[in-house]
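These notes concern the structure reproduced below.
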Amino acid sequence: MLLLTGAVSVKAAGKTGLATSGKKIYYYENGRKVKNCWKKVNGYKYYFGSSGVAYAAPKTTGMTKNVVCKKIGGSRYCFNQKGRMVRNGLYADISGNAYYIKSGKVAEAKTKKIQKALEYLADAKKIRSYLGKPNKTTASSSCFRDGGTDLKLYYPNVMLALYRDDTNGQELVLFLDPR
């Protein structure tokens with residue numbers, strides 16, 4: 001059954017609005033599913049593909065801010081688990097690929113720089129300069145190497161894992177995860 005807020009069947013009632021079926025999100029206008037178009041609902045933008053399903057990031061245990069990025073009309077856009085287009089900031093997909101979003105679109109040049117700085121075991125100075133001060137940092141004895149510390153740096157939408165060598169202070173990139 002396709003439901004609109006208030007448990008009204010959109011298709012059956014010939015209504016207009018968002019509807020869900022299982023984990024999929026649709027939009028109906030006068031009871032007809034829209035396809036290949038953008039819709040703005042309650043201040044959020046959605047894109048509905050060729051099957052009428054909204055682009056949405058997969059729901060993954062422990063991750064609520066992961067995204068999926070899709071190319072639409074020559075630009076890439078990222079969508080959260082609710083199918084809403086993300087507007088600004090750094091996000092990651094479930095594979096740890098980073099995307100910097102500005103005004104709703106993937107800022108390709110900055111994204112490329114960030115992804116290069118996030119290469120496994122790269123010196124962490126560059127990525128720290130790009131991301132700035134984290135909201136929170138935790139440290140623990142390293143599981144990566146003896147004589148070091150594992151760091152987790154928390155930003156609004158992602159967590160950056162680093163290894164710090166306790167003998168020389170050098171920090172190395174381990175991975176980036178959506179939060």
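Letters for chains follow the order of the structure tokens (A, B, ...), residue numbers begin at 1 for each chain, and ligand numbers begin at 1 in the order shown.
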
Margin query: If we count only C-alpha atoms and set the cut-off at 9 Å, which residues sit around Lys112 in chain A, ignoring sequence neighbours fewer than 6 positions away in its own chain? Please answer as number ranges by chain.
Written below: A: 98-100

Serialized selection, all heavy atoms, as a PDB file, in the first residue's frame:
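Written output follows (again10.pdb):
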ATOM      1  N   ALA A  98      34.377  10.355  -0.394  1.00  0.00           N
ATOM      2  CA  ALA A  98      34.008  11.680   0.094  1.00  0.00           C
ATOM      3  C   ALA A  98      33.440  12.540  -1.031  1.00  0.00           C
ATOM      4  O   ALA A  98      33.868  12.438  -2.186  1.00  0.00           O
ATOM      5  CB  ALA A  98      35.227  12.371   0.689  1.00  0.00           C
ATOM      6  N   TYR A  99      32.485  13.398  -0.669  1.00  0.00           N
ATOM      7  CA  TYR A  99      31.886  14.345  -1.609  1.00  0.00           C
ATOM      8  C   TYR A  99      31.702  15.670  -0.888  1.00  0.00           C
ATOM      9  O   TYR A  99      31.073  15.721   0.160  1.00  0.00           O
ATOM     10  CB  TYR A  99      30.517  13.852  -2.093  1.00  0.00           C
ATOM     11  CG  TYR A  99      30.577  12.507  -2.758  1.00  0.00           C
ATOM     12  CD1 TYR A  99      30.335  11.352  -2.027  1.00  0.00           C
ATOM     13  CD2 TYR A  99      30.905  12.387  -4.102  1.00  0.00           C
ATOM     14  CE1 TYR A  99      30.408  10.102  -2.624  1.00  0.00           C
ATOM     15  CE2 TYR A  99      30.980  11.145  -4.702  1.00  0.00           C
ATOM     16  CZ  TYR A  99      30.726  10.003  -3.958  1.00  0.00           C
ATOM     17  OH  TYR A  99      30.810   8.771  -4.554  1.00  0.00           O
ATOM     18  N   TYR A 100      32.250  16.730  -1.486  1.00  0.00           N
ATOM     19  CA  TYR A 100      32.026  18.053  -0.917  1.00  0.00           C
ATOM     20  C   TYR A 100      30.877  18.691  -1.694  1.00  0.00           C
ATOM     21  O   TYR A 100      30.932  18.801  -2.919  1.00  0.00           O
ATOM     22  CB  TYR A 100      33.284  18.926  -0.996  1.00  0.00           C
ATOM     23  CG  TYR A 100      33.076  20.221  -0.276  1.00  0.00           C
ATOM     24  CD1 TYR A 100      33.154  20.275   1.121  1.00  0.00           C
ATOM     25  CD2 TYR A 100      32.743  21.371  -0.967  1.00  0.00           C
ATOM     26  CE1 TYR A 100      32.920  21.455   1.791  1.00  0.00           C
ATOM     27  CE2 TYR A 100      32.508  22.552  -0.299  1.00  0.00           C
ATOM     28  CZ  TYR A 100      32.593  22.591   1.080  1.00  0.00           C
ATOM     29  OH  TYR A 100      32.351  23.751   1.741  1.00  0.00           O
TER      30      TYR A 100
END

Residues of range 77-174 of chain A at most 10 Å from range 44-50 of chain A: nearest atom pair and distance in Å, only C-alpha atoms, as a Markdown table:
| residue | atom | partner | partner_atom | distance |
| --- | --- | --- | --- | --- |
| A:Tyr77 | CA | A:Tyr47 | CA | 9.5 |
| A:Phe79 | CA | A:Tyr46 | CA | 7.9 |
| A:Asn80 | CA | A:Tyr46 | CA | 9.9 |
| A:Lys82 | CA | A:Tyr46 | CA | 9.2 |
| A:Gly83 | CA | A:Tyr46 | CA | 6.0 |
| A:Arg84 | CA | A:Tyr46 | CA | 5.2 |
| A:Met85 | CA | A:Lys45 | CA | 5.5 |
| A:Val86 | CA | A:Lys45 | CA | 8.5 |
| A:Arg87 | CA | A:Lys45 | CA | 9.4 |
| A:Gly104 | CA | A:Lys45 | CA | 9.3 |

Notebook entry, point to check: Out of A:Asn157, A:Ala54, A:Lys113, A:Gly62, which residue has the shortest atom-to-atom distance to Ile25 in chain A when counting only C-alpha atoms?
Noted result: A:Ala54

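Each of A:Gly169, A:Gly52, A:Pro134, A:Gly89 was compared to Lys152 in chain A using only C-alpha atoms, and A:Pro134 turns out to be the nearest.
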
Next item on the list: Just list the residues in chain A DSSP gives strand (DSSP E or B) on the backbone, as an MDAnalysis selection string.
Entry: chainID A and resid 3:4 8:9 17:21 24:29 32:33 37:41 44:48 54 60 63 68:72 75:79 85 89:92 98:102 105:106 123 136:141 148:154 158:165 171:178

Item checked: Residues within 10 Å of Val53 in chain A, only C-alpha atoms, excluding chain neighbours under 6 positions, as an NGL selection string -> :A and (19-21 or 23-27 or 33-36 or 46-47 or 83)

Expected file contents, prior selection, N, CA and C atoms, as a PDB file, in the first residue's frame:
ATOM      1  N   ALA A  19       4.861   9.463  -1.206  1.00  0.00           N
ATOM      2  CA  ALA A  19       4.302   8.191  -0.765  1.00  0.00           C
ATOM      3  C   ALA A  19       5.451   7.217  -0.593  1.00  0.00           C
ATOM      4  N   THR A  20       5.278   6.234   0.282  1.00  0.00           N
ATOM      5  CA  THR A  20       6.288   5.207   0.469  1.00  0.00           C
ATOM      6  C   THR A  20       5.668   3.834   0.281  1.00  0.00           C
ATOM      7  N   SER A  21       6.489   2.935  -0.191  1.00  0.00           N
ATOM      8  CA  SER A  21       6.101   1.535  -0.322  1.00  0.00           C
ATOM      9  C   SER A  21       7.343   0.740   0.065  1.00  0.00           C
ATOM     10  N   LYS A  23      10.720   0.355   1.406  1.00  0.00           N
ATOM     11  CA  LYS A  23      11.806   1.316   1.602  1.00  0.00           C
ATOM     12  C   LYS A  23      11.874   2.345   0.474  1.00  0.00           C
ATOM     13  N   LYS A  24      10.955   2.272  -0.456  1.00  0.00           N
ATOM     14  CA  LYS A  24      10.996   3.164  -1.619  1.00  0.00           C
ATOM     15  C   LYS A  24      10.101   4.380  -1.422  1.00  0.00           C
ATOM     16  N   ILE A  25      10.561   5.498  -1.997  1.00  0.00           N
ATOM     17  CA  ILE A  25       9.840   6.765  -1.892  1.00  0.00           C
ATOM     18  C   ILE A  25       9.395   7.176  -3.293  1.00  0.00           C
ATOM     19  N   TYR A  26       8.134   7.568  -3.416  1.00  0.00           N
ATOM     20  CA  TYR A  26       7.560   7.998  -4.696  1.00  0.00           C
ATOM     21  C   TYR A  26       6.904   9.363  -4.510  1.00  0.00           C
ATOM     22  N   TYR A  27       6.573   9.980  -5.642  1.00  0.00           N
ATOM     23  CA  TYR A  27       5.781  11.209  -5.607  1.00  0.00           C
ATOM     24  C   TYR A  27       4.664  11.051  -6.635  1.00  0.00           C
ATOM     25  N   LYS A  33       2.207   8.499 -10.702  1.00  0.00           N
ATOM     26  CA  LYS A  33       3.597   8.532 -10.260  1.00  0.00           C
ATOM     27  C   LYS A  33       4.422   9.409 -11.205  1.00  0.00           C
ATOM     28  N   VAL A  34       5.223  10.324 -10.633  1.00  0.00           N
ATOM     29  CA  VAL A  34       6.100  11.149 -11.466  1.00  0.00           C
ATOM     30  C   VAL A  34       7.420  10.417 -11.683  1.00  0.00           C
ATOM     31  N   LYS A  35       8.054  10.677 -12.832  1.00  0.00           N
ATOM     32  CA  LYS A  35       9.316  10.029 -13.188  1.00  0.00           C
ATOM     33  C   LYS A  35      10.246  11.049 -13.825  1.00  0.00           C
ATOM     34  N   ASN A  36      11.553  10.826 -13.638  1.00  0.00           N
ATOM     35  CA  ASN A  36      12.597  11.663 -14.243  1.00  0.00           C
ATOM     36  C   ASN A  36      12.395  13.146 -13.971  1.00  0.00           C
ATOM     37  N   TYR A  46      13.864  16.473  -3.981  1.00  0.00           N
ATOM     38  CA  TYR A  46      13.973  15.054  -4.277  1.00  0.00           C
ATOM     39  C   TYR A  46      14.110  14.905  -5.788  1.00  0.00           C
ATOM     40  N   TYR A  47      14.751  13.817  -6.209  1.00  0.00           N
ATOM     41  CA  TYR A  47      14.759  13.496  -7.630  1.00  0.00           C
ATOM     42  C   TYR A  47      14.193  12.096  -7.784  1.00  0.00           C
ATOM     43  N   GLY A  83      15.972  10.361   0.957  1.00  0.00           N
ATOM     44  CA  GLY A  83      15.789  10.769  -0.429  1.00  0.00           C
ATOM     45  C   GLY A  83      15.934  12.265  -0.643  1.00  0.00           C
TER      46      GLY A  83
END

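Ranking A:Ala161, A:Ala139, A:Leu151, A:Val173 by their shortest atom-to-atom distance to Leu118 in chain A, with only C-alpha atoms included, puts A:Val173 first.
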
Margin query: So that I can check the surroundings of Gly14 in chain A, please list as JSON, numbers by chain every protein, DNA and RNA residue that reaches within 9 Å of it, counting only C-alpha atoms and ignoring chain neighbours fewer than 5 positions away.
Written below: {"A": [9, 28, 29, 30, 31, 32]}

Item checked: Contacts of Leu160 in chain A at 9 Å (only C-alpha atoms; same-chain gap of 3+ positions) as number ranges by chain -> A: 151-155, 173-178

Would you save the residues from that selection as a PDB file, in the first residue's frame, using C-alpha atoms?
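Below is the file out-v4.pdb, written as the result:
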ATOM      1  CA  LEU A 151      42.282   8.975  16.511  1.00  0.00           C
ATOM      2  CA  LYS A 152      38.669   9.483  15.511  1.00  0.00           C
ATOM      3  CA  LEU A 153      37.808  13.018  14.403  1.00  0.00           C
ATOM      4  CA  TYR A 154      34.090  13.763  14.289  1.00  0.00           C
ATOM      5  CA  TYR A 155      32.692  16.332  11.881  1.00  0.00           C
ATOM      6  CA  VAL A 173      44.941   8.683   7.145  1.00  0.00           C
ATOM      7  CA  LEU A 174      43.164   5.378   7.738  1.00  0.00           C
ATOM      8  CA  PHE A 175      39.620   5.954   6.451  1.00  0.00           C
ATOM      9  CA  LEU A 176      36.576   8.206   6.311  1.00  0.00           C
ATOM     10  CA  ASP A 177      33.109   7.007   7.295  1.00  0.00           C
ATOM     11  CA  PRO A 178      29.679   8.580   7.226  1.00  0.00           C
TER      12      PRO A 178
END

Notebook entry, point to check: If you count only C-alpha atoms, which residues fall within 12 Å of Asp93 in chain A, apart from same-chain ones fewer than 2 positions away, as a ChimeraX atom specification?
Noted result: /A:56-60,63-70,78-81,90-91,95-100,157-159,176-179
